[in-house]
There are 2 protein chains.
Amino acid sequence: MTAPTRRERLRTAAVSDIKDGARRLLVTGGPQAISLRAIARDMGMTAPAIYRYFPSLEALILDLAGDLLDELCEHLEAARDAAGAEPVDQLVGTARAFRHWSVRHPVEFRLVFGNLMPGVDAFPDNCGYPGDPGARLGDVFITPLVELWRRTPFPVPLAGQVDAGLAEALAPLRAQHPELPVEVACLMLCGWTMLYGLVSMEVYHQLRWAVTDPEALFEAELAAFLQQLGGAGRQ
Amino acid sequence: MTAPTRRERLRTAAVSDIKDGARRLLVTGGPQAISLRAIARDMGMTAPAIYRYFPSLEALILDLAGDLLDELCEHLEAARDAAGAEPVDQLVGTARAFRHWSVRHPVEFRLVFGNLMPGVDAFPDNCGYPGDPGARLGDVFITPLVELWRRTPFPVPLAGQVDAGLAEALAPLRAQHPELPVEVACLMLCGWTMLYGLVSMEVYHQLRWAVTDPEALFEAELAAFLQQLGGAGRQ
DNA sequence: CAAATGAGTGAACGCTGTTCACTATCACAA
DNA sequence: TTGTGATAGTGAACAGCGTTCACTCATTTG
């Protein structure tokens with residue numbers, strides 16, 4: 001590991017300058033407002049210069065989305081670690097942190113999860129590719145759930161009702177976590193589904209027809225899910 | 001109600017021609033591929049002519065999104081009406097129809113729910129405005145659920161646990177359906193949350209890290225929700 | 001010191017939404 | 001029937017976009 005040369009230092013500085021400019025445009029004007037010419041203008045450069053650092057605008061935005069996903073994951077992991085030793089508390093803290101970050105960074109949320117780049121899902125049959133937002137976030141929630149299950153196995157709602165088709169369908173998830181029974185894996189995906197759906201509808205303002213305070217609904221759904229998790233075993 | 005003049009007929013024909021062209025571009029190249037010039041080119045016209053029918057490209061896309069939402073609602077209502085007289089069957093049929101349409105029309109789904117137009121949510125404090133996708137779709141699901149509750153009130157998971165804050169937060173929904181108890185309204189939103197979250201993750205290919213066959217997971221979550229609905233009362 | 005590498009520029013191409021002046025056509029009233 | 005006003009459509013133009021290319025300049029390297 002040699003020290004970075006002067007050129008390399010300048011280069012990484014320029015790269016982060018470009019991404020900072022892109023993010024500034026993102027938060028002020030939405031994803032559509034990110035343009036190479038605007039970024040270059042803010043940096044006192046010309047647009048073609050950016051091609052020394054990114055092969056295209058789409059690649060730049062994808063890179064920025066990856067950074068934002070990193071930031072979100074760090075936020076979640078910090079919340080999980082700050083929630084104490086109880087796995088249930090960790091789950092609650094992580095879920096609240098996900099909503100917290102998403103509501104406070106709506107355009108970033110849209111960039112990461114909104115699938116703005118048509119080329120993103122162009123990974124044919126590439127299950128579990130590392131950049132997938134769902135994969136990285138799912139893992140943050142899986143750890144506490146696995147620990148909770150290990151400590152006090154709770155009565156699973158669908159126990160004995162899963163057919164072979166579902167077990168086979170969950171193969172990618174169970175390959176990463178063989179200790180998870182199918183029912184628990186399915187329950188975990190239910191929780192992630194509710195969390196993602198609720199937060200995304202709140203961010204996109206698609207709940208105003210029904211709810212004035214989305215946080216109250218969030219807490220209610222969270223409580224209902226926790227009831228499923230430990231309804232009989234714990235209070 | 002007078003007969004439309006020749007001018008009016010030509011005008012409505014041109015409007016639907018334009019929207020047909022826009023949709024063709026949408027399904028072939030994604031939302032970003034919709035451009036006034038391309039539409040006009042396909043029609044053998046020039047781009048400024050479209051401004052006789054739509055004030056801007058954004059207005060055209062919003063109009064198209066409204067049409068697609070209409071189409072989706074009609075699809076759902078047809079599935080609901082074809083599902084028989086049992087409210088549970090109607091719920092299942094409508095939910096399956098929602099997934100069916102969304103998976104088969106991914107770009108349309110993205111246009112309707114993906115919030116591509118930043119100006120869409122520029123309705124300040126306008127709860128329940130008529131064009132809201134969530135509102136119109138929520139209503140399709142509310143009718144069978146209300147009927148189910150009317151016939152055989154089922155044990156609600158959160159009975160007696162809702163606080164005043166949640167009841168107040170659900171005011172817009174309960175104003176439209178006063179016969180719904182708070183717990184049932186909350187349960188209904190839970191179901192809509194899961195349905196929307198799961199379908200949207202499947203459409204955006206954000207489930208591949210965990211699931212090979214999203215339909216199996218969909219059916220499992222649907223079964224789990226139905227168990228919540230009538231776990232004790234009915235089989 | 002010379003050669004090679006890299007950063008940055010300016011011009012250009014083709015595309016976009018949008019505006020404006022202008023023309024041709026159609027509907028309708030005197 | 002003839003004139004008049006509304007309407008549809010055109011072509012040119014403007015500003016902005018991503019991207020490519022030839023070119024210059026500074027920096028690193030042999």
# chains A, B, ... in the order shown; residues from 1 in each chain; ligands from 1
>>> interface_residues(of="chain D", to="chain A", cutoff="9 Å", atoms="only C-alpha atoms (C1' of nucleotides)", output="list in words")
DC17, DG18, DT19, DT27 and DT28 of chain D
>>> select_by_dssp(residues="stretch 33-219 of chain A", states="helix (DSSP H, G or I)", output="PDB file with C-alpha atoms, in the first residue's frame")
ATOM      1  CA  ALA A  33     -31.805  18.492 -12.780  1.00  0.00           C
ATOM      2  CA  LEU A  36     -23.000  17.440 -16.824  1.00  0.00           C
ATOM      3  CA  ARG A  37     -23.001  21.015 -18.010  1.00  0.00           C
ATOM      4  CA  ALA A  38     -24.511  22.303 -14.777  1.00  0.00           C
ATOM      5  CA  ILE A  39     -22.037  20.342 -12.688  1.00  0.00           C
ATOM      6  CA  ALA A  40     -19.138  21.623 -14.748  1.00  0.00           C
ATOM      7  CA  ARG A  41     -20.483  25.167 -14.587  1.00  0.00           C
ATOM      8  CA  ASP A  42     -20.596  25.028 -10.790  1.00  0.00           C
ATOM      9  CA  MET A  43     -17.028  23.759 -10.741  1.00  0.00           C
ATOM     10  CA  ALA A  47     -18.631  19.588 -19.549  1.00  0.00           C
ATOM     11  CA  PRO A  48     -16.263  17.393 -21.549  1.00  0.00           C
ATOM     12  CA  ALA A  49     -13.764  17.492 -18.699  1.00  0.00           C
ATOM     13  CA  ILE A  50     -16.049  15.292 -16.623  1.00  0.00           C
ATOM     14  CA  TYR A  51     -15.537  12.528 -19.149  1.00  0.00           C
ATOM     15  CA  ARG A  52     -12.027  12.160 -17.739  1.00  0.00           C
ATOM     16  CA  LEU A  57     -23.819  10.885 -17.102  1.00  0.00           C
ATOM     17  CA  GLU A  58     -25.637   7.665 -16.346  1.00  0.00           C
ATOM     18  CA  ALA A  59     -22.510   6.155 -14.815  1.00  0.00           C
ATOM     19  CA  LEU A  60     -22.076   9.241 -12.669  1.00  0.00           C
ATOM     20  CA  ILE A  61     -25.636   9.032 -11.396  1.00  0.00           C
ATOM     21  CA  LEU A  62     -25.281   5.324 -10.718  1.00  0.00           C
ATOM     22  CA  ASP A  63     -22.128   6.039  -8.752  1.00  0.00           C
ATOM     23  CA  LEU A  64     -23.923   8.735  -6.793  1.00  0.00           C
ATOM     24  CA  ALA A  65     -26.800   6.364  -6.086  1.00  0.00           C
ATOM     25  CA  GLY A  66     -24.307   3.849  -4.739  1.00  0.00           C
ATOM     26  CA  ASP A  67     -22.882   6.463  -2.408  1.00  0.00           C
ATOM     27  CA  LEU A  68     -26.323   7.394  -1.178  1.00  0.00           C
ATOM     28  CA  LEU A  69     -27.082   3.746  -0.537  1.00  0.00           C
ATOM     29  CA  ASP A  70     -23.863   3.476   1.449  1.00  0.00           C
ATOM     30  CA  GLU A  71     -24.899   6.489   3.460  1.00  0.00           C
ATOM     31  CA  LEU A  72     -28.307   5.000   4.161  1.00  0.00           C
ATOM     32  CA  CYS A  73     -26.809   1.676   5.204  1.00  0.00           C
ATOM     33  CA  GLU A  74     -24.416   3.375   7.571  1.00  0.00           C
ATOM     34  CA  HIS A  75     -27.292   5.352   9.042  1.00  0.00           C
ATOM     35  CA  LEU A  76     -29.241   2.142   9.591  1.00  0.00           C
ATOM     36  CA  GLU A  77     -26.330   0.240  11.071  1.00  0.00           C
ATOM     37  CA  ALA A  78     -25.603   3.088  13.444  1.00  0.00           C
ATOM     38  CA  ALA A  79     -29.222   3.121  14.576  1.00  0.00           C
ATOM     39  CA  ARG A  80     -29.220  -0.632  15.004  1.00  0.00           C
ATOM     40  CA  ASP A  81     -26.050  -0.564  17.071  1.00  0.00           C
ATOM     41  CA  PRO A  87     -32.915  -7.891  18.814  1.00  0.00           C
ATOM     42  CA  VAL A  88     -36.466  -6.540  18.926  1.00  0.00           C
ATOM     43  CA  ASP A  89     -35.192  -3.115  19.862  1.00  0.00           C
ATOM     44  CA  GLN A  90     -32.645  -3.337  17.084  1.00  0.00           C
ATOM     45  CA  LEU A  91     -35.364  -4.146  14.562  1.00  0.00           C
ATOM     46  CA  VAL A  92     -37.489  -1.243  15.732  1.00  0.00           C
ATOM     47  CA  GLY A  93     -34.594   1.165  15.715  1.00  0.00           C
ATOM     48  CA  THR A  94     -33.506   0.136  12.246  1.00  0.00           C
ATOM     49  CA  ALA A  95     -37.005   0.400  10.846  1.00  0.00           C
ATOM     50  CA  ARG A  96     -37.489   3.845  12.344  1.00  0.00           C
ATOM     51  CA  ALA A  97     -34.114   4.912  11.013  1.00  0.00           C
ATOM     52  CA  PHE A  98     -35.077   3.774   7.518  1.00  0.00           C
ATOM     53  CA  ARG A  99     -38.210   5.860   7.599  1.00  0.00           C
ATOM     54  CA  HIS A 100     -36.333   8.745   9.159  1.00  0.00           C
ATOM     55  CA  TRP A 101     -33.677   8.881   6.471  1.00  0.00           C
ATOM     56  CA  SER A 102     -36.130   8.387   3.621  1.00  0.00           C
ATOM     57  CA  VAL A 103     -38.524  11.094   4.733  1.00  0.00           C
ATOM     58  CA  ARG A 104     -35.697  13.528   5.274  1.00  0.00           C
ATOM     59  CA  PRO A 106     -36.886  12.214  -0.459  1.00  0.00           C
ATOM     60  CA  VAL A 107     -35.009  12.901  -3.671  1.00  0.00           C
ATOM     61  CA  GLU A 108     -32.148  10.673  -2.601  1.00  0.00           C
ATOM     62  CA  PHE A 109     -34.693   7.969  -1.821  1.00  0.00           C
ATOM     63  CA  ARG A 110     -36.172   8.380  -5.264  1.00  0.00           C
ATOM     64  CA  LEU A 111     -32.756   8.144  -6.876  1.00  0.00           C
ATOM     65  CA  VAL A 112     -31.812   4.990  -5.002  1.00  0.00           C
ATOM     66  CA  PHE A 113     -35.132   3.137  -5.100  1.00  0.00           C
ATOM     67  CA  PRO A 133     -30.513  -1.889  -2.784  1.00  0.00           C
ATOM     68  CA  GLY A 134     -32.884  -4.521  -1.545  1.00  0.00           C
ATOM     69  CA  ALA A 135     -30.093  -6.971  -0.856  1.00  0.00           C
ATOM     70  CA  ARG A 136     -27.934  -4.607   1.127  1.00  0.00           C
ATOM     71  CA  LEU A 137     -30.830  -3.272   3.133  1.00  0.00           C
ATOM     72  CA  GLY A 138     -32.377  -6.644   3.655  1.00  0.00           C
ATOM     73  CA  ASP A 139     -29.175  -7.822   5.268  1.00  0.00           C
ATOM     74  CA  VAL A 140     -29.318  -5.015   7.805  1.00  0.00           C
ATOM     75  CA  PHE A 141     -32.673  -6.270   8.971  1.00  0.00           C
ATOM     76  CA  ILE A 142     -31.870  -9.949   8.736  1.00  0.00           C
ATOM     77  CA  THR A 143     -29.179  -9.926  11.387  1.00  0.00           C
ATOM     78  CA  PRO A 144     -31.416  -8.889  14.303  1.00  0.00           C
ATOM     79  CA  LEU A 145     -34.217 -11.137  13.117  1.00  0.00           C
ATOM     80  CA  VAL A 146     -31.950 -14.148  12.966  1.00  0.00           C
ATOM     81  CA  GLU A 147     -30.656 -13.361  16.438  1.00  0.00           C
ATOM     82  CA  LEU A 148     -34.204 -12.956  17.745  1.00  0.00           C
ATOM     83  CA  TRP A 149     -35.197 -16.275  16.284  1.00  0.00           C
ATOM     84  CA  ARG A 150     -32.108 -17.921  17.709  1.00  0.00           C
ATOM     85  CA  ARG A 151     -32.832 -16.655  21.204  1.00  0.00           C
ATOM     86  CA  ALA A 164     -42.587 -26.568  -1.656  1.00  0.00           C
ATOM     87  CA  GLY A 165     -42.988 -23.831  -4.253  1.00  0.00           C
ATOM     88  CA  LEU A 166     -42.445 -21.073  -1.749  1.00  0.00           C
ATOM     89  CA  ALA A 167     -39.486 -22.817  -0.194  1.00  0.00           C
ATOM     90  CA  GLU A 168     -37.929 -23.095  -3.610  1.00  0.00           C
ATOM     91  CA  ALA A 169     -38.761 -19.493  -4.468  1.00  0.00           C
ATOM     92  CA  ALA A 171     -33.804 -20.157  -2.313  1.00  0.00           C
ATOM     93  CA  PRO A 172     -31.558 -17.089  -2.841  1.00  0.00           C
ATOM     94  CA  LEU A 173     -32.423 -15.669   0.551  1.00  0.00           C
ATOM     95  CA  ARG A 174     -32.052 -18.999   2.320  1.00  0.00           C
ATOM     96  CA  ALA A 175     -28.762 -19.673   0.621  1.00  0.00           C
ATOM     97  CA  GLN A 176     -27.338 -16.634   2.378  1.00  0.00           C
ATOM     98  CA  VAL A 182     -38.815 -20.807   5.493  1.00  0.00           C
ATOM     99  CA  GLU A 183     -41.638 -19.369   7.566  1.00  0.00           C
ATOM    100  CA  VAL A 184     -39.319 -16.913   9.293  1.00  0.00           C
ATOM    101  CA  ALA A 185     -37.766 -15.870   6.011  1.00  0.00           C
ATOM    102  CA  CYS A 186     -41.212 -15.277   4.615  1.00  0.00           C
ATOM    103  CA  LEU A 187     -42.210 -13.272   7.666  1.00  0.00           C
ATOM    104  CA  MET A 188     -39.073 -11.205   7.354  1.00  0.00           C
ATOM    105  CA  LEU A 189     -39.904 -10.422   3.751  1.00  0.00           C
ATOM    106  CA  CYS A 190     -43.412  -9.467   4.826  1.00  0.00           C
ATOM    107  CA  GLY A 191     -41.939  -6.952   7.213  1.00  0.00           C
ATOM    108  CA  TRP A 192     -39.553  -5.565   4.638  1.00  0.00           C
ATOM    109  CA  THR A 193     -42.399  -5.333   2.156  1.00  0.00           C
ATOM    110  CA  MET A 194     -44.551  -3.330   4.567  1.00  0.00           C
ATOM    111  CA  LEU A 195     -41.668  -1.106   5.557  1.00  0.00           C
ATOM    112  CA  TYR A 196     -40.641  -0.370   1.997  1.00  0.00           C
ATOM    113  CA  GLY A 197     -44.189   0.082   0.781  1.00  0.00           C
ATOM    114  CA  LEU A 198     -45.211   2.392   3.569  1.00  0.00           C
ATOM    115  CA  VAL A 199     -42.107   4.544   3.448  1.00  0.00           C
ATOM    116  CA  SER A 200     -42.152   4.794  -0.315  1.00  0.00           C
ATOM    117  CA  MET A 201     -45.809   5.807  -0.355  1.00  0.00           C
ATOM    118  CA  GLU A 202     -45.094   8.425   2.274  1.00  0.00           C
ATOM    119  CA  VAL A 203     -42.131   9.779   0.344  1.00  0.00           C
ATOM    120  CA  PRO A 214     -47.915   8.966   8.252  1.00  0.00           C
ATOM    121  CA  GLU A 215     -45.738   8.448  11.303  1.00  0.00           C
ATOM    122  CA  ALA A 216     -48.734   7.320  13.338  1.00  0.00           C
ATOM    123  CA  LEU A 217     -49.594   4.750  10.702  1.00  0.00           C
ATOM    124  CA  PHE A 218     -45.970   3.683  10.578  1.00  0.00           C
ATOM    125  CA  GLU A 219     -45.884   3.085  14.298  1.00  0.00           C
TER     126      GLU A 219
END
>>> residues_around(residues="D:DA13", least_positions_apart="2", cutoff="10 Å", atoms="only C-alpha atoms (C1' of nucleotides)", output="ChimeraX atom specification")
/C:19-20 /D:11,15
>>> write_last_selection(atoms="N, CA and C atoms (P, O5', C5', C4', C3', O3' and C1' of nucleotides)", output="PDB file, in the first residue's frame")
ATOM      1  P    DT C  19     -43.616  28.054 -24.273  1.00  0.00           P
ATOM      2  O5'  DT C  19     -43.111  29.074 -25.387  1.00  0.00           O
ATOM      3  C5'  DT C  19     -41.888  29.764 -25.203  1.00  0.00           C
ATOM      4  C4'  DT C  19     -41.609  30.674 -26.399  1.00  0.00           C
ATOM      5  C3'  DT C  19     -42.831  31.455 -26.905  1.00  0.00           C
ATOM      6  O3'  DT C  19     -42.489  32.835 -27.003  1.00  0.00           O
ATOM      7  C1'  DT C  19     -41.794  30.304 -28.693  1.00  0.00           C
ATOM      8  P    DC C  20     -43.641  33.955 -27.313  1.00  0.00           P
ATOM      9  O5'  DC C  20     -43.422  34.243 -28.869  1.00  0.00           O
ATOM     10  C5'  DC C  20     -42.101  34.297 -29.387  1.00  0.00           C
ATOM     11  C4'  DC C  20     -42.138  34.460 -30.907  1.00  0.00           C
ATOM     12  C3'  DC C  20     -43.390  35.151 -31.452  1.00  0.00           C
ATOM     13  O3'  DC C  20     -43.018  36.136 -32.393  1.00  0.00           O
ATOM     14  C1'  DC C  20     -43.065  33.082 -32.542  1.00  0.00           C
TER      15       DC C  20
ATOM     16  P    DG D  11     -42.555  22.535 -43.074  1.00  0.00           P
ATOM     17  O5'  DG D  11     -41.565  23.743 -42.699  1.00  0.00           O
ATOM     18  C5'  DG D  11     -41.723  24.976 -43.368  1.00  0.00           C
ATOM     19  C4'  DG D  11     -40.882  26.038 -42.692  1.00  0.00           C
ATOM     20  C3'  DG D  11     -39.459  25.588 -42.319  1.00  0.00           C
ATOM     21  O3'  DG D  11     -38.543  26.618 -42.663  1.00  0.00           O
ATOM     22  C1'  DG D  11     -40.568  26.412 -40.397  1.00  0.00           C
ATOM     23  P    DA D  15     -30.621  32.545 -26.992  1.00  0.00           P
ATOM     24  O5'  DA D  15     -30.649  31.428 -25.851  1.00  0.00           O
ATOM     25  C5'  DA D  15     -31.813  31.285 -25.051  1.00  0.00           C
ATOM     26  C4'  DA D  15     -31.866  29.888 -24.467  1.00  0.00           C
ATOM     27  C3'  DA D  15     -30.523  29.399 -23.901  1.00  0.00           C
ATOM     28  O3'  DA D  15     -30.719  28.971 -22.566  1.00  0.00           O
ATOM     29  C1'  DA D  15     -31.483  27.768 -25.315  1.00  0.00           C
TER      30       DA D  15
END
>>> residues_around(residues="stretch 8-12 of chain C", least_positions_apart="3", cutoff="9 Å", atoms="only C-alpha atoms (C1' of nucleotides)", output="MDAnalysis selection string")
(chainID A and resid 45:46 48:49) or (chainID D and resid 20:21 23:25)
>>> write_last_selection(atoms="N, CA and C atoms (P, O5', C5', C4', C3', O3' and C1' of nucleotides)", output="PDB file, in the first residue's frame")
ATOM      1  N   MET A  45     -15.657  24.545 -14.748  1.00  0.00           N
ATOM      2  CA  MET A  45     -15.025  23.738 -15.788  1.00  0.00           C
ATOM      3  C   MET A  45     -15.957  23.651 -16.985  1.00  0.00           C
ATOM      4  N   THR A  46     -15.560  22.873 -17.935  1.00  0.00           N
ATOM      5  CA  THR A  46     -16.431  22.611 -19.067  1.00  0.00           C
ATOM      6  C   THR A  46     -16.890  21.153 -19.007  1.00  0.00           C
ATOM      7  N   PRO A  48     -17.061  18.550 -21.116  1.00  0.00           N
ATOM      8  CA  PRO A  48     -16.263  17.393 -21.549  1.00  0.00           C
ATOM      9  C   PRO A  48     -15.202  16.964 -20.544  1.00  0.00           C
ATOM     10  N   ALA A  49     -14.794  17.864 -19.665  1.00  0.00           N
ATOM     11  CA  ALA A  49     -13.764  17.492 -18.699  1.00  0.00           C
ATOM     12  C   ALA A  49     -14.242  16.375 -17.785  1.00  0.00           C
TER      13      ALA A  49
ATOM     14  P    DT D  20     -19.278   9.460 -26.496  1.00  0.00           P
ATOM     15  O5'  DT D  20     -18.585  10.280 -27.672  1.00  0.00           O
ATOM     16  C5'  DT D  20     -19.274  10.453 -28.907  1.00  0.00           C
ATOM     17  C4'  DT D  20     -18.417  11.241 -29.876  1.00  0.00           C
ATOM     18  C3'  DT D  20     -16.934  10.863 -29.889  1.00  0.00           C
ATOM     19  O3'  DT D  20     -16.517  10.654 -31.235  1.00  0.00           O
ATOM     20  C1'  DT D  20     -17.182  13.200 -29.565  1.00  0.00           C
ATOM     21  P    DC D  21     -15.048  10.055 -31.548  1.00  0.00           P
ATOM     22  O5'  DC D  21     -14.224  11.358 -31.985  1.00  0.00           O
ATOM     23  C5'  DC D  21     -14.867  12.329 -32.795  1.00  0.00           C
ATOM     24  C4'  DC D  21     -13.953  13.535 -32.994  1.00  0.00           C
ATOM     25  C3'  DC D  21     -12.459  13.224 -32.902  1.00  0.00           C
ATOM     26  O3'  DC D  21     -11.764  13.850 -33.965  1.00  0.00           O
ATOM     27  C1'  DC D  21     -13.012  14.965 -31.408  1.00  0.00           C
ATOM     28  P    DC D  23      -5.909  18.619 -35.043  1.00  0.00           P
ATOM     29  O5'  DC D  23      -5.520  19.433 -33.716  1.00  0.00           O
ATOM     30  C5'  DC D  23      -6.262  20.608 -33.392  1.00  0.00           C
ATOM     31  C4'  DC D  23      -6.001  20.995 -31.951  1.00  0.00           C
ATOM     32  C3'  DC D  23      -4.529  21.010 -31.513  1.00  0.00           C
ATOM     33  O3'  DC D  23      -4.046  22.339 -31.493  1.00  0.00           O
ATOM     34  C1'  DC D  23      -6.022  20.205 -29.809  1.00  0.00           C
ATOM     35  P    DT D  24      -2.482  22.571 -31.074  1.00  0.00           P
ATOM     36  O5'  DT D  24      -2.569  23.011 -29.551  1.00  0.00           O
ATOM     37  C5'  DT D  24      -3.474  24.041 -29.146  1.00  0.00           C
ATOM     38  C4'  DT D  24      -3.451  24.185 -27.632  1.00  0.00           C
ATOM     39  C3'  DT D  24      -2.060  24.363 -27.028  1.00  0.00           C
ATOM     40  O3'  DT D  24      -2.089  25.388 -26.047  1.00  0.00           O
ATOM     41  C1'  DT D  24      -3.149  22.533 -25.992  1.00  0.00           C
ATOM     42  P    DC D  25      -0.729  26.126 -25.622  1.00  0.00           P
ATOM     43  O5'  DC D  25      -0.534  25.656 -24.105  1.00  0.00           O
ATOM     44  C5'  DC D  25      -1.607  25.813 -23.175  1.00  0.00           C
ATOM     45  C4'  DC D  25      -1.423  24.825 -22.032  1.00  0.00           C
ATOM     46  C3'  DC D  25      -0.006  24.807 -21.437  1.00  0.00           C
ATOM     47  O3'  DC D  25      -0.057  25.294 -20.102  1.00  0.00           O
ATOM     48  C1'  DC D  25      -0.903  22.598 -21.743  1.00  0.00           C
TER      49       DC D  25
END
>>> closest_atom_pairs(of="chain C", to="chain B", cutoff="9 Å", atoms="only C-alpha atoms (C1' of nucleotides)", output="tab-separated table")
residue	atom	partner	partner_atom	distance
C:DT16	C1'	B:Ser35	CA	7.7
C:DG17	C1'	B:Leu57	CA	7.7
C:DT18	C1'	B:Pro48	CA	8.1
C:DC26	C1'	B:Arg7	CA	8.5
C:DA27	C1'	B:Arg7	CA	8.8
>>> closest_residue(among="A:Phe225, A:Trp209, A:Phe154, A:Phe54", to="chain B", atoms="only C-alpha atoms")
A:Trp209
>>> atom_distance(atom1="atom CA of B:Arg24", atom2="atom C1' of D:DA12")
28.9 Å
>>> closest_residue(among="A:Leu116, A:Pro55, A:Gly44, A:Thr152", to="chain B", atoms="only C-alpha atoms")
A:Leu116
>>> atom_distance(atom1="atom CA of A:Gln206", atom2="atom CA of B:Val15")
28.3 Å
>>> atom_distance(atom1="atom CA of B:Asn115", atom2="atom CA of A:Gly114")
8.5 Å
>>> decode(residues="stretch 41-54 of chain A", atoms="N, CA and C atoms", output="compact mmCIF listing (two decimals), in the first residue's frame")
# COMPACT_ATOMS: atom_id res chain seq x y z
N ARG A 41 -20.34 23.73 -14.78
CA ARG A 41 -20.48 25.17 -14.59
C ARG A 41 -20.23 25.52 -13.13
N ASP A 42 -20.80 24.75 -12.21
CA ASP A 42 -20.60 25.03 -10.79
C ASP A 42 -19.14 24.85 -10.39
N MET A 43 -18.43 23.98 -11.09
CA MET A 43 -17.03 23.76 -10.74
C MET A 43 -16.09 24.70 -11.49
N GLY A 44 -16.62 25.52 -12.38
CA GLY A 44 -15.75 26.37 -13.18
C GLY A 44 -15.01 25.60 -14.25
N MET A 45 -15.66 24.54 -14.75
CA MET A 45 -15.03 23.74 -15.79
C MET A 45 -15.96 23.65 -16.99
N THR A 46 -15.56 22.87 -17.94
CA THR A 46 -16.43 22.61 -19.07
C THR A 46 -16.89 21.15 -19.01
N ALA A 47 -18.01 20.90 -19.67
CA ALA A 47 -18.63 19.59 -19.55
C ALA A 47 -17.73 18.44 -20.01
N PRO A 48 -17.06 18.55 -21.12
CA PRO A 48 -16.26 17.39 -21.55
C PRO A 48 -15.20 16.96 -20.54
N ALA A 49 -14.79 17.86 -19.67
CA ALA A 49 -13.76 17.49 -18.70
C ALA A 49 -14.24 16.38 -17.79
N ILE A 50 -15.53 16.32 -17.53
CA ILE A 50 -16.05 15.29 -16.62
C ILE A 50 -15.84 13.90 -17.20
N TYR A 51 -15.73 13.84 -18.53
CA TYR A 51 -15.54 12.53 -19.15
C TYR A 51 -14.17 11.93 -18.81
N ARG A 52 -13.29 12.73 -18.23
CA ARG A 52 -12.03 12.16 -17.74
C ARG A 52 -12.27 11.32 -16.48
N TYR A 53 -13.43 11.53 -15.82
CA TYR A 53 -13.68 10.87 -14.54
C TYR A 53 -14.84 9.88 -14.58
N PHE A 54 -15.80 10.14 -15.46
CA PHE A 54 -16.94 9.23 -15.59
C PHE A 54 -17.23 9.02 -17.07
